[in-house]
>>> print(open('target.txt').read())   # compact mmCIF, C-alpha atoms and all ligand atoms
# COMPACT_ATOMS: atom_id res chain seq x y z
CA MET G 1 -12.90 24.59 -3.50
CA ILE G 2 -10.56 26.43 -1.19
CA THR G 3 -8.07 23.57 -0.85
CA LEU G 4 -7.13 23.47 -4.54
CA SER G 5 -7.50 27.18 -5.14
CA LYS G 6 -4.32 28.78 -6.58
CA LYS G 7 -2.40 25.53 -6.26
CA HIS G 8 0.17 25.11 -9.03
CA ILE G 9 -0.46 21.69 -10.51
CA LEU G 10 1.87 20.43 -13.17
CA LEU G 11 0.05 17.69 -15.03
CA GLY G 12 2.40 15.26 -16.79
CA ILE G 13 0.61 13.29 -19.48
CA SER G 14 2.08 10.18 -21.08
CA GLY G 15 0.81 7.90 -23.83
CA SER G 16 -1.85 5.67 -22.33
CA ILE G 17 -5.27 5.26 -23.91
CA ALA G 18 -6.83 6.52 -20.64
CA ILE G 19 -5.66 9.94 -21.81
CA TYR G 20 -9.18 10.67 -23.09
CA LYS G 21 -10.31 11.09 -19.46
CA ILE G 22 -7.76 13.82 -18.80
CA PHE G 23 -9.81 16.56 -20.45
CA GLU G 24 -12.34 16.13 -17.66
CA LEU G 25 -9.61 16.23 -14.99
CA VAL G 26 -8.25 19.51 -16.36
CA ARG G 27 -11.73 21.00 -16.37
CA PHE G 28 -12.42 19.88 -12.79
CA LEU G 29 -9.08 21.23 -11.57
CA ARG G 30 -9.73 24.58 -13.18
CA LYS G 31 -13.25 24.70 -11.76
CA LYS G 32 -11.66 24.31 -8.34
CA GLN G 33 -9.40 27.26 -9.24
CA ALA G 34 -6.18 25.29 -9.48
CA ILE G 35 -3.60 26.63 -11.92
CA VAL G 36 -2.80 23.82 -14.32
CA LYS G 37 0.21 23.61 -16.62
CA ILE G 38 0.58 20.57 -18.81
CA VAL G 39 3.64 18.72 -20.05
CA MET G 40 3.11 16.08 -22.74
CA THR G 41 5.32 13.20 -23.82
CA ARG G 42 5.88 12.36 -27.49
CA ALA G 43 3.51 9.35 -27.41
CA SER G 44 0.72 11.28 -25.68
CA LYS G 45 0.69 13.84 -28.50
CA LYS G 46 -0.11 11.05 -30.97
CA LEU G 47 -3.24 10.23 -28.94
CA VAL G 48 -4.71 13.69 -28.28
CA SER G 49 -4.11 17.18 -29.55
CA LYS G 50 -1.89 19.63 -27.77
CA LEU G 51 -4.22 22.41 -28.85
CA SER G 52 -7.23 20.94 -27.01
CA LEU G 53 -5.27 20.76 -23.76
CA GLN G 54 -3.90 24.25 -24.34
CA ILE G 55 -7.45 25.62 -24.59
CA LEU G 56 -8.71 23.58 -21.61
CA SER G 57 -5.83 24.53 -19.33
CA ASN G 58 -5.64 28.11 -20.56
CA HIS G 59 -1.86 27.80 -20.70
CA LYS G 60 0.78 26.88 -23.21
CA VAL G 61 1.33 23.09 -23.23
CA PHE G 62 5.01 22.17 -22.93
CA ASP G 63 6.77 19.29 -24.68
CA ASP G 64 10.19 20.58 -25.73
CA ILE G 65 13.13 20.07 -23.39
CA LEU G 66 15.15 22.74 -25.19
CA TYR G 67 12.50 25.46 -24.93
CA VAL G 68 13.85 28.62 -23.30
CA ASN G 69 11.45 31.06 -21.66
CA ASN G 70 12.71 34.56 -20.75
CA GLY G 71 16.25 33.25 -20.68
CA SER G 72 15.58 30.30 -18.36
CA MET G 73 15.41 26.63 -19.24
CA ILE G 74 11.82 25.45 -19.12
CA HIS G 75 12.49 22.26 -17.14
CA ILE G 76 13.97 24.20 -14.22
CA LYS G 77 11.28 26.86 -14.39
CA LEU G 78 8.43 24.31 -14.30
CA ALA G 79 10.18 22.14 -11.68
CA LYS G 80 10.28 25.18 -9.35
CA TRP G 81 6.82 26.47 -10.29
CA ALA G 82 4.94 23.28 -9.32
CA ASP G 83 3.35 22.74 -5.89
CA LEU G 84 2.56 19.24 -7.08
CA ILE G 85 3.46 17.13 -10.09
CA LEU G 86 0.64 14.82 -11.07
CA LEU G 87 1.50 12.18 -13.65
CA ALA G 88 -1.83 11.01 -15.09
CA PRO G 89 -2.07 8.78 -16.97
CA ALA G 90 1.39 7.41 -16.19
CA THR G 91 2.67 4.65 -18.45
CA ALA G 92 5.10 1.87 -17.48
CA ASN G 93 7.69 3.78 -19.53
CA ILE G 94 7.52 7.08 -17.62
CA ILE G 95 7.46 5.14 -14.33
CA ALA G 96 10.63 3.28 -15.36
CA LYS G 97 12.33 6.49 -16.45
CA ILE G 98 11.64 8.25 -13.15
CA ALA G 99 12.72 5.19 -11.16
CA LEU G 100 16.01 5.19 -13.06
CA GLY G 101 16.47 8.97 -12.90
CA LEU G 102 16.53 9.33 -16.69
CA ALA G 103 16.21 12.81 -18.14
CA ASP G 104 15.72 12.29 -21.86
CA ASP G 105 12.57 14.34 -22.38
CA LEU G 106 10.92 17.33 -20.74
CA LEU G 107 8.65 15.40 -18.33
CA SER G 108 11.32 13.04 -16.94
CA THR G 109 13.77 15.95 -16.63
CA ILE G 110 11.27 18.03 -14.63
CA CYS G 111 10.66 15.06 -12.30
CA LEU G 112 14.40 14.79 -11.72
CA ALA G 113 14.79 18.53 -11.13
CA THR G 114 11.82 19.14 -8.82
CA THR G 115 11.54 19.22 -5.06
CA ALA G 116 7.73 19.21 -5.30
CA LYS G 117 5.69 16.17 -4.33
CA ILE G 118 5.17 13.75 -7.22
CA ILE G 119 1.98 11.70 -7.49
CA ILE G 120 1.76 8.95 -10.09
CA VAL G 121 -1.54 7.61 -11.42
CA PRO G 122 -0.57 4.49 -13.39
CA SER G 123 -2.47 3.31 -16.43
CA MET G 124 -1.36 0.34 -18.47
CA ASN G 125 -2.17 -3.21 -19.49
CA ASN G 126 -2.37 -5.48 -16.43
CA TYR G 127 0.49 -7.73 -17.62
CA MET G 128 2.71 -4.66 -17.96
CA TYR G 129 1.64 -3.56 -14.48
CA ARG G 130 2.24 -6.99 -12.93
CA ALA G 131 5.62 -7.41 -14.66
CA ASN G 132 8.36 -7.83 -12.06
CA VAL G 133 10.29 -4.91 -13.45
CA THR G 134 7.30 -2.53 -13.20
CA GLN G 135 6.56 -3.70 -9.65
CA HIS G 136 10.23 -3.18 -8.80
CA ASN G 137 10.19 0.34 -10.29
CA ILE G 138 7.00 1.23 -8.40
CA GLN G 139 8.56 0.02 -5.16
CA ILE G 140 11.64 2.19 -5.80
CA LEU G 141 9.39 5.22 -6.29
CA ARG G 142 7.35 4.48 -3.16
CA ASN G 143 10.51 4.13 -1.14
CA ARG G 144 11.48 7.59 -2.43
CA GLY G 145 8.22 9.03 -1.04
CA ILE G 146 6.45 9.32 -4.39
CA LEU G 147 2.74 8.57 -4.05
CA ILE G 148 1.21 5.96 -6.34
CA TRP G 149 -2.56 6.25 -6.73
CA GLY G 150 -4.20 3.16 -8.19
CA PRO G 151 -4.39 1.45 -10.57
CA ASN G 152 -7.90 0.03 -10.47
CA PHE G 153 -8.89 -3.58 -10.94
CA GLY G 154 -11.29 -4.25 -13.79
CA GLU G 155 -11.87 -4.84 -17.46
CA GLN G 156 -9.36 -3.01 -19.61
CA ILE G 157 -9.80 -1.41 -23.02
CA CYS G 158 -7.75 -4.28 -24.56
CA GLY G 159 -10.24 -6.80 -23.07
CA ASP G 160 -7.95 -8.11 -20.32
CA VAL G 161 -9.15 -8.11 -16.72
CA GLY G 162 -6.80 -7.18 -13.88
CA PHE G 163 -5.01 -4.30 -12.15
CA GLY G 164 -3.93 -1.57 -14.57
CA SER G 165 -6.80 0.82 -15.28
CA MET G 166 -6.41 4.45 -14.29
CA LEU G 167 -8.43 5.60 -11.28
CA SER G 168 -11.63 7.43 -12.14
CA ILE G 169 -11.35 11.20 -12.46
CA ASN G 170 -13.80 11.55 -9.53
CA LEU G 171 -11.50 9.52 -7.31
CA ILE G 172 -8.39 11.41 -8.43
CA MET G 173 -10.17 14.69 -7.60
CA LYS G 174 -11.29 13.34 -4.22
CA LYS G 175 -7.76 12.25 -3.38
CA LEU G 176 -6.32 15.59 -4.49
CA LYS G 177 -8.73 17.46 -2.23
CA GLN G 178 -7.78 15.16 0.65
CA TYR G 179 -4.11 15.64 -0.14
CA PHE G 180 -4.32 19.43 0.00
CA SER G 181 -6.67 19.53 2.98
CA THR G 182 -4.90 17.12 5.34
CA PRO G 183 -3.73 19.34 8.21
CA LEU G 184 -2.44 16.38 10.21
CA LYS G 185 0.43 14.24 9.11
CA SER G 186 -0.52 10.93 7.49
CA LEU G 187 -0.58 7.98 9.83
CA ASN G 188 2.32 5.54 9.72
CA ILE G 189 0.86 2.04 9.79
CA MET G 190 2.93 -1.15 9.97
CA ILE G 191 1.32 -4.46 9.06
CA THR G 192 2.71 -7.98 9.26
CA ALA G 193 1.17 -10.50 6.87
CA GLY G 194 1.37 -14.07 5.64
CA PRO G 195 3.03 -17.09 7.21
CA THR G 196 6.65 -17.56 8.18
CA HIS G 197 8.81 -20.50 7.06
CA GLU G 198 10.98 -22.21 9.64
CA LEU G 199 13.70 -24.15 7.87
CA ILE G 200 14.43 -27.79 8.75
CA ASP G 201 17.06 -28.11 6.05
CA PRO G 202 17.67 -26.20 2.76
CA VAL G 203 14.61 -27.77 1.09
CA ARG G 204 12.12 -28.38 3.91
CA PHE G 205 10.30 -26.09 6.29
CA ILE G 206 7.47 -25.87 8.82
CA SER G 207 4.74 -23.35 8.09
CA ASN G 208 0.94 -22.88 8.04
CA TYR G 209 -1.86 -22.20 5.54
CA SER G 210 -1.84 -18.41 5.84
CA SER G 211 -2.16 -16.83 2.36
CA GLY G 212 -1.42 -13.23 3.37
CA LYS G 213 -4.67 -12.08 1.72
CA MET G 214 -6.09 -10.45 4.88
CA GLY G 215 -2.86 -8.59 5.68
CA PHE G 216 -2.46 -7.40 2.09
CA SER G 217 -6.10 -6.25 1.99
CA ILE G 218 -5.52 -4.30 5.21
CA ALA G 219 -2.41 -2.73 3.70
CA TYR G 220 -4.48 -1.61 0.70
CA ALA G 221 -7.25 -0.27 2.97
CA ALA G 222 -4.63 1.64 4.99
CA SER G 223 -3.15 3.17 1.85
CA LEU G 224 -6.65 4.26 0.76
CA VAL G 225 -7.01 6.32 3.96
CA GLY G 226 -3.74 8.06 3.09
CA ALA G 227 -1.45 6.20 5.49
CA ASN G 228 2.25 5.54 4.91
CA VAL G 229 2.15 1.78 5.02
CA THR G 230 4.98 -0.59 5.84
CA LEU G 231 3.99 -4.14 4.92
CA ILE G 232 6.23 -6.84 6.32
CA SER G 233 5.36 -10.00 4.49
CA GLY G 234 6.26 -13.62 4.99
CA PRO G 235 6.53 -15.85 1.89
CA VAL G 236 3.34 -15.33 -0.17
CA SER G 237 2.55 -15.18 -3.86
CA LEU G 238 0.70 -11.86 -3.80
CA VAL G 239 1.38 -8.66 -5.73
CA THR G 240 1.89 -5.61 -3.50
CA PRO G 241 -1.43 -3.71 -3.56
CA PRO G 242 -1.37 -0.27 -5.17
CA GLY G 243 -0.87 2.76 -2.93
CA ASN G 244 1.76 4.17 -0.66
CA ILE G 245 3.01 0.80 0.56
CA LYS G 246 6.61 -0.05 1.38
CA ARG G 247 6.93 -3.85 1.32
CA ILE G 248 9.68 -5.76 3.10
CA ASN G 249 9.82 -9.50 2.46
CA VAL G 250 10.99 -11.92 5.15
CA ILE G 251 11.10 -15.70 5.46
CA SER G 252 11.33 -16.70 9.12
CA ALA G 253 9.82 -15.47 12.39
CA LEU G 254 13.25 -14.34 13.57
CA GLU G 255 13.69 -12.24 10.42
CA MET G 256 10.17 -10.79 10.79
CA HIS G 257 10.92 -9.91 14.40
CA GLN G 258 14.17 -8.16 13.41
CA VAL G 259 12.58 -6.16 10.58
CA VAL G 260 9.61 -5.11 12.76
CA MET G 261 11.85 -3.91 15.59
CA ASP G 262 14.21 -2.10 13.17
CA ASN G 263 11.32 -0.15 11.65
CA ILE G 264 8.88 0.30 14.55
CA ASN G 265 10.04 3.75 15.60
CA ASN G 266 7.58 6.45 14.39
CA GLN G 267 4.78 3.95 13.66
CA ASP G 268 1.37 5.17 14.84
CA ILE G 269 -0.41 1.83 14.42
CA PHE G 270 0.96 -1.73 14.35
CA ILE G 271 -1.28 -4.49 12.98
CA GLY G 272 0.00 -8.03 13.54
CA CYS G 273 -1.88 -10.01 10.92
CA ALA G 274 0.90 -12.51 10.20
CA ALA G 275 0.48 -16.14 11.20
CA VAL G 276 3.92 -16.27 12.78
CA SER G 277 5.23 -19.82 13.32
CA ASP G 278 5.22 -20.44 17.06
CA TYR G 279 8.39 -22.53 16.93
CA ARG G 280 11.63 -22.73 14.97
CA ILE G 281 13.99 -25.62 14.49
CA THR G 282 17.09 -25.60 16.68
CA ASN G 283 18.89 -28.39 14.88
CA PHE G 284 18.69 -26.90 11.37
CA SER G 285 20.79 -28.93 8.97
CA SER G 286 22.71 -26.99 6.32
CA ASN G 287 22.64 -30.10 4.12
CA LYS G 288 19.47 -31.86 2.98
CA ILE G 289 18.62 -34.49 5.59
CA ALA G 290 18.64 -38.00 4.11
CA LYS G 291 15.38 -39.95 4.50
CA LYS G 292 15.24 -42.14 7.62
CA ASP G 293 12.61 -44.01 9.60
CA HIS G 294 12.59 -41.55 12.45
CA LEU G 295 13.58 -37.93 12.39
CA ILE G 296 13.80 -35.86 15.52
CA ILE G 297 13.31 -32.16 15.14
CA ASN G 298 13.95 -29.93 18.14
CA LEU G 299 11.75 -26.90 18.37
CA VAL G 300 12.18 -23.74 20.37
CA LYS G 301 9.64 -20.95 20.84
CA ASN G 302 9.91 -17.95 18.52
CA PRO G 303 9.80 -14.43 19.92
CA ASP G 304 6.25 -13.11 20.19
CA ILE G 305 6.61 -10.13 17.87
CA ILE G 306 3.38 -8.34 18.76
CA SER G 307 4.07 -8.65 22.50
CA GLU G 308 7.51 -7.11 21.96
CA VAL G 309 5.85 -4.18 20.19
CA SER G 310 3.24 -3.83 22.95
CA LYS G 311 5.99 -3.75 25.57
CA LEU G 312 7.70 -0.71 24.04
CA THR G 313 7.82 2.15 26.50
CA LYS G 314 9.04 4.79 24.06
CA ASN G 315 6.95 5.57 20.96
CA ARG G 316 4.63 2.62 21.51
CA PRO G 317 2.15 2.43 18.60
CA TYR G 318 -1.52 1.49 18.89
CA VAL G 319 -1.35 -2.32 18.69
CA VAL G 320 -3.88 -4.50 16.86
CA GLY G 321 -3.60 -8.28 16.92
CA PHE G 322 -5.37 -11.17 15.27
CA SER G 323 -6.59 -14.34 16.90
CA ALA G 324 -7.32 -17.25 14.57
CA GLU G 325 -9.21 -19.90 16.54
CA THR G 326 -11.10 -23.12 15.94
CA ASN G 327 -13.05 -23.06 19.23
CA LEU G 328 -13.91 -20.77 22.15
CA LEU G 329 -13.20 -17.90 19.81
CA LYS G 330 -13.91 -14.90 22.03
CA LYS G 331 -12.55 -16.52 25.20
CA HIS G 332 -9.17 -17.20 23.58
CA ALA G 333 -9.11 -13.81 21.92
CA ARG G 334 -9.80 -11.97 25.20
CA LYS G 335 -6.99 -13.91 26.86
CA LYS G 336 -4.56 -12.84 24.11
CA LEU G 337 -5.79 -9.24 24.31
CA ILE G 338 -4.74 -9.18 27.96
CA GLU G 339 -1.62 -11.37 27.85
CA LYS G 340 -0.15 -9.62 24.81
CA LYS G 341 -1.27 -6.19 26.12
CA LEU G 342 -3.02 -5.34 22.85
CA ASP G 343 -5.31 -2.38 22.26
CA LEU G 344 -7.59 -4.29 19.93
CA ILE G 345 -7.88 -7.91 18.82
CA CYS G 346 -9.63 -9.28 15.73
CA ALA G 347 -10.85 -12.82 16.32
CA ASN G 348 -11.82 -15.15 13.51
CA ASN G 349 -12.92 -18.75 13.29
CA VAL G 350 -10.57 -20.79 11.11
CA SER G 351 -12.21 -24.20 11.49
CA LYS G 352 -11.60 -26.37 8.46
CA ASN G 353 -14.12 -26.18 5.58
CA ARG G 354 -15.47 -22.84 6.72
CA LEU G 355 -15.76 -20.16 4.07
CA ASN G 356 -13.53 -17.97 6.23
CA SER G 357 -10.86 -20.60 6.88
CA ILE G 358 -7.33 -19.28 6.92
CA SER G 359 -6.43 -19.18 3.19
CA ASN G 360 -9.87 -18.25 1.81
CA ASP G 361 -11.06 -15.03 0.18
CA TYR G 362 -13.71 -14.36 2.84
CA ASN G 363 -13.54 -13.51 6.51
CA GLU G 364 -15.67 -12.36 9.44
CA LEU G 365 -14.25 -10.77 12.55
CA TYR G 366 -15.09 -10.09 16.17
CA LEU G 367 -13.30 -6.93 17.22
CA ILE G 368 -12.63 -6.91 20.96
CA TRP G 369 -11.06 -4.17 23.02
CA ASN G 370 -10.97 -3.26 26.66
CA GLY G 371 -14.56 -2.20 27.30
CA GLY G 372 -16.25 -3.15 24.05
CA GLU G 373 -16.69 -5.41 21.07
CA MET G 374 -18.13 -5.38 17.59
CA PHE G 375 -18.94 -8.00 14.95
CA LEU G 376 -18.02 -7.48 11.28
CA PRO G 377 -20.00 -10.11 9.33
CA LEU G 378 -18.72 -12.37 6.53
CA LYS G 379 -17.38 -10.40 3.56
CA LYS G 380 -14.68 -10.60 0.92
CA LYS G 381 -11.40 -9.82 2.65
CA GLN G 382 -10.89 -6.64 0.57
CA VAL G 383 -14.26 -5.23 1.71
CA LEU G 384 -13.85 -6.38 5.30
CA ALA G 385 -10.38 -4.81 5.48
CA LYS G 386 -11.83 -1.37 4.67
CA GLN G 387 -14.43 -1.71 7.46
CA LEU G 388 -11.76 -2.92 9.84
CA MET G 389 -9.45 -0.02 8.98
CA LYS G 390 -12.27 2.44 9.68
CA GLN G 391 -12.83 0.90 13.13
CA ILE G 392 -9.11 0.80 13.91
CA ILE G 393 -8.78 4.50 13.15
CA ILE G 394 -11.87 5.36 15.23
CA ARG G 395 -10.46 3.42 18.21
CA TYR G 396 -6.93 4.76 17.67
CA GLU G 397 -8.24 8.34 17.64
CA LYS G 398 -10.34 7.73 20.79
CA ASP G 399 -7.39 6.19 22.65
CA ASN G 400 -5.05 8.95 21.55
CA LYS G 401 -7.71 11.65 22.04
CA CYS G 402 -6.93 13.04 18.57
O1 LIG G 501 -0.65 -16.44 20.03
P1 LIG G 501 -1.22 -16.32 18.68
O2 LIG G 501 -0.27 -16.76 17.59
O3 LIG G 501 -2.56 -16.93 18.46
O4 LIG G 501 -1.46 -14.76 18.54
C1 LIG G 501 -1.84 -14.18 17.37
C2 LIG G 501 -1.37 -12.76 17.28
O5 LIG G 501 -0.03 -12.65 17.73
C3 LIG G 501 -1.36 -12.28 15.86
O6 LIG G 501 -1.60 -10.89 15.90
C4 LIG G 501 0.06 -12.59 15.40
O7 LIG G 501 0.46 -11.80 14.31
C5 LIG G 501 0.86 -12.31 16.66
N1 LIG G 501 2.08 -13.12 16.85
C6 LIG G 501 3.31 -12.54 16.79
N2 LIG G 501 4.44 -13.27 17.01
C7 LIG G 501 4.36 -14.58 17.27
C8 LIG G 501 3.10 -15.20 17.33
C9 LIG G 501 1.98 -14.45 17.11
O8 LIG G 501 3.39 -11.33 16.53
N3 LIG G 501 5.46 -15.27 17.47
>>> encode(input="target.txt", output="structure tokens")
Amino acid sequence: MITLSKKHILLGISGSIAIYKIFELVRFLRKKQAIVKIVMTRASKKLVSKLSLQILSNHKVFDDILYVNNGSMIHIKLAKWADLILLAPATANIIAKIALGLADDLLSTICLATTAKIIIVPSMNNYMYRANVTQHNIQILRNRGILIWGPNFGEQICGDVGFGSMLSINLIMKKLKQYFSTPLKSLNIMITAGPTHELIDPVRFISNYSSGKMGFSIAYAASLVGANVTLISGPVSLVTPPGNIKRINVISALEMHQVVMDNINNQDIFIGCAAVSDYRITNFSSNKIAKKDHLIINLVKNPDIISEVSKLTKNRPYVVGFSAETNLLKKHARKKLIEKKLDLICANNVSKNRLNSISNDYNELYLIWNGGEMFLPLKKKQVLAKQLMKQIIIRYEKDNKC
């Protein structure tokens, strides 16, 4: 394959049990004429032999930080040699070390010394992956521009089920080919998700049933097509999906509005999936309000975030809105498409007790744009989000004549 031919790929291997799949990856890379040099951590050498990888890669396998080659330190030499550093499998430990900037073995030192792109393919037990500290470390790396591919959801070797398994070698190869063959820059896609909380006093708020599942599924689908995703999330209890996703948490509509406007420059596509509270409380009490027979709450309208984005005259992104309705679905959606000056609107029926009601795992959508419409039938939100993303990109490319 031309795209990988002669590419210098430094494969960093750490001690996850998924290491057994790496032999196949090395073979595939070499078949595609990539030049592969391997660096192993101490733990990885306990799991597989250095000699096997040496034979498969046709190069010396490196593991010693103090190794000197022709008078130059090996970590600097390899850091400069690499076109790409691929960490696969990447354990929670190597992820933490890179996030912290530690340099206590050859692999972490190379990652600190390189200017090459780093791609991390995590592989670990799902509790280790979901641990707050690992999620925090992954977010730090994403914010630094490091790509995180995977992990997959499924049954793990230890018997647990969840996110943590390494992507299949086929998928890693597919993504590598895409990575090296993308002539255009990746799309920047901003997504709002979840509800907002409008505080009445320090312990009470007004909100809605939005779970954030649709917005998070769209963020995942966007990362799968190689986009740089900014996910602005209201209060939800969801783990950030794997991929190149920068997550910013907010509480209120005003905060969401501020964060969107601060980060909107350079976005190619904006998807307003959040169920933004229409009103906020004007007489917020900084102390807990004592119980009384009647309580008067004054409400004022929140800014309409998506309309503000649509109104931009400079660097306006392609704008996609959502319209959750209980009746006259398409009629209301069309009205919002026009009034909010959207490019595309996704209408869904959120009548109570429906399988696709607002906090459920399923959804169906009517996509409506100026001059056309399309129905995406009932599916799990993760599946539907991928179909939706495909349609958004088709329409975005048509409108922008890409
Ligand atoms: O007017 P309505 O809330 O039904 O419109 C829904 C669309 O508008 C969604 O895309 C939602 O994210 C967006 N919206 C917004 N700011 C608001 C209210 C809604 O961005 N204050």
>>> residues_near_ligand(input="target.txt", ligand="ligand LIG 501 (chain G)", cutoff="7 Å", atoms="all atoms listed in the file", output="number ranges by chain")
G: 192, 253, 272-278, 302-307, 320-324, 336
>>> residues_near_point(input="target.txt", point="(6.0, 4.9, -21.5)", cutoff="8 Å", atoms="all atoms listed in the file", output="PyMOL selection string")
chain G and resi 14-16+43+90-96
>>> closest_residue(input="target.txt", among="G:Ile118, G:Ala193, G:Ile9, G:Ser285", to="Arg142 (chain G)", atoms="only C-alpha atoms")
G:Ile118
>>> residues_near_point(input="target.txt", point="(3.4, 25.2, -24.7)", cutoff="10 Å", atoms="all atoms listed in the file", output="VMD selection string")
chain G and resid 37 to 40 50 to 51 53 to 54 59 to 64 67
>>> axis_aligned_box(input="target.txt", around="region 118-137 of chain G", padding_each_side="5 Å", output="lines of an AutoDock Vina configuration file")
center_x = 3.9
center_y = 3.0
center_z = -13.4
size_x = 22.8
size_y = 31.6
size_z = 22.3
>>> atom_distance(input="target.txt", atom1="CA of Asp361 (chain G)", atom2="CA of Lys331 (chain G)")
25.1 Å
>>> residues_around(input="target.txt", residues="region 337-344 of chain G", least_positions_apart="4", cutoff="9 Å", atoms="all atoms listed in the file", output="PyMOL selection string")
chain G and resi 304+306-308+310-311+318-322+332-333+367-370+392+395-396+399
>>> build_atoms(input="target.txt", residues="region 168-179 of chain G", atoms="N, CA, C and O atoms", output="tab-separated table (two decimals), keeping the file's coordinate frame")
chain	number	residue	atom	x	y	z
G	168	SER	N	-10.65	6.52	-11.53
G	168	SER	CA	-11.63	7.43	-12.14
G	168	SER	C	-11.24	8.87	-11.82
G	168	SER	O	-10.56	9.13	-10.82
G	169	ILE	N	-11.68	9.78	-12.68
G	169	ILE	CA	-11.35	11.20	-12.46
G	169	ILE	C	-11.96	11.67	-11.14
G	169	ILE	O	-11.34	12.44	-10.39
G	170	ASN	N	-13.16	11.17	-10.81
G	170	ASN	CA	-13.80	11.55	-9.53
G	170	ASN	C	-12.91	11.19	-8.37
G	170	ASN	O	-12.73	11.97	-7.43
G	171	LEU	N	-12.34	9.96	-8.42
G	171	LEU	CA	-11.50	9.52	-7.31
G	171	LEU	C	-10.19	10.32	-7.26
G	171	LEU	O	-9.72	10.69	-6.18
G	172	ILE	N	-9.63	10.61	-8.42
G	172	ILE	CA	-8.39	11.41	-8.43
G	172	ILE	C	-8.68	12.78	-7.80
G	172	ILE	O	-7.91	13.27	-6.97
G	173	MET	N	-9.82	13.38	-8.16
G	173	MET	CA	-10.17	14.69	-7.60
G	173	MET	C	-10.36	14.61	-6.08
G	173	MET	O	-9.89	15.47	-5.33
G	174	LYS	N	-11.04	13.52	-5.65
G	174	LYS	CA	-11.29	13.34	-4.22
G	174	LYS	C	-9.96	13.23	-3.46
G	174	LYS	O	-9.75	13.86	-2.42
G	175	LYS	N	-9.05	12.46	-4.05
G	175	LYS	CA	-7.76	12.25	-3.38
G	175	LYS	C	-6.93	13.54	-3.38
G	175	LYS	O	-6.22	13.82	-2.42
G	176	LEU	N	-7.06	14.32	-4.45
G	176	LEU	CA	-6.32	15.59	-4.49
G	176	LEU	C	-6.83	16.54	-3.41
G	176	LEU	O	-6.03	17.21	-2.73
G	177	LYS	N	-8.16	16.58	-3.26
G	177	LYS	CA	-8.73	17.46	-2.23
G	177	LYS	C	-8.26	17.02	-0.86
G	177	LYS	O	-7.86	17.85	-0.04
G	178	GLN	N	-8.27	15.69	-0.64
G	178	GLN	CA	-7.78	15.16	0.65
G	178	GLN	C	-6.32	15.54	0.84
G	178	GLN	O	-5.89	15.97	1.90
G	179	TYR	N	-5.55	15.38	-0.23
G	179	TYR	CA	-4.11	15.64	-0.14
G	179	TYR	C	-3.86	17.08	0.30
G	179	TYR	O	-3.04	17.35	1.17
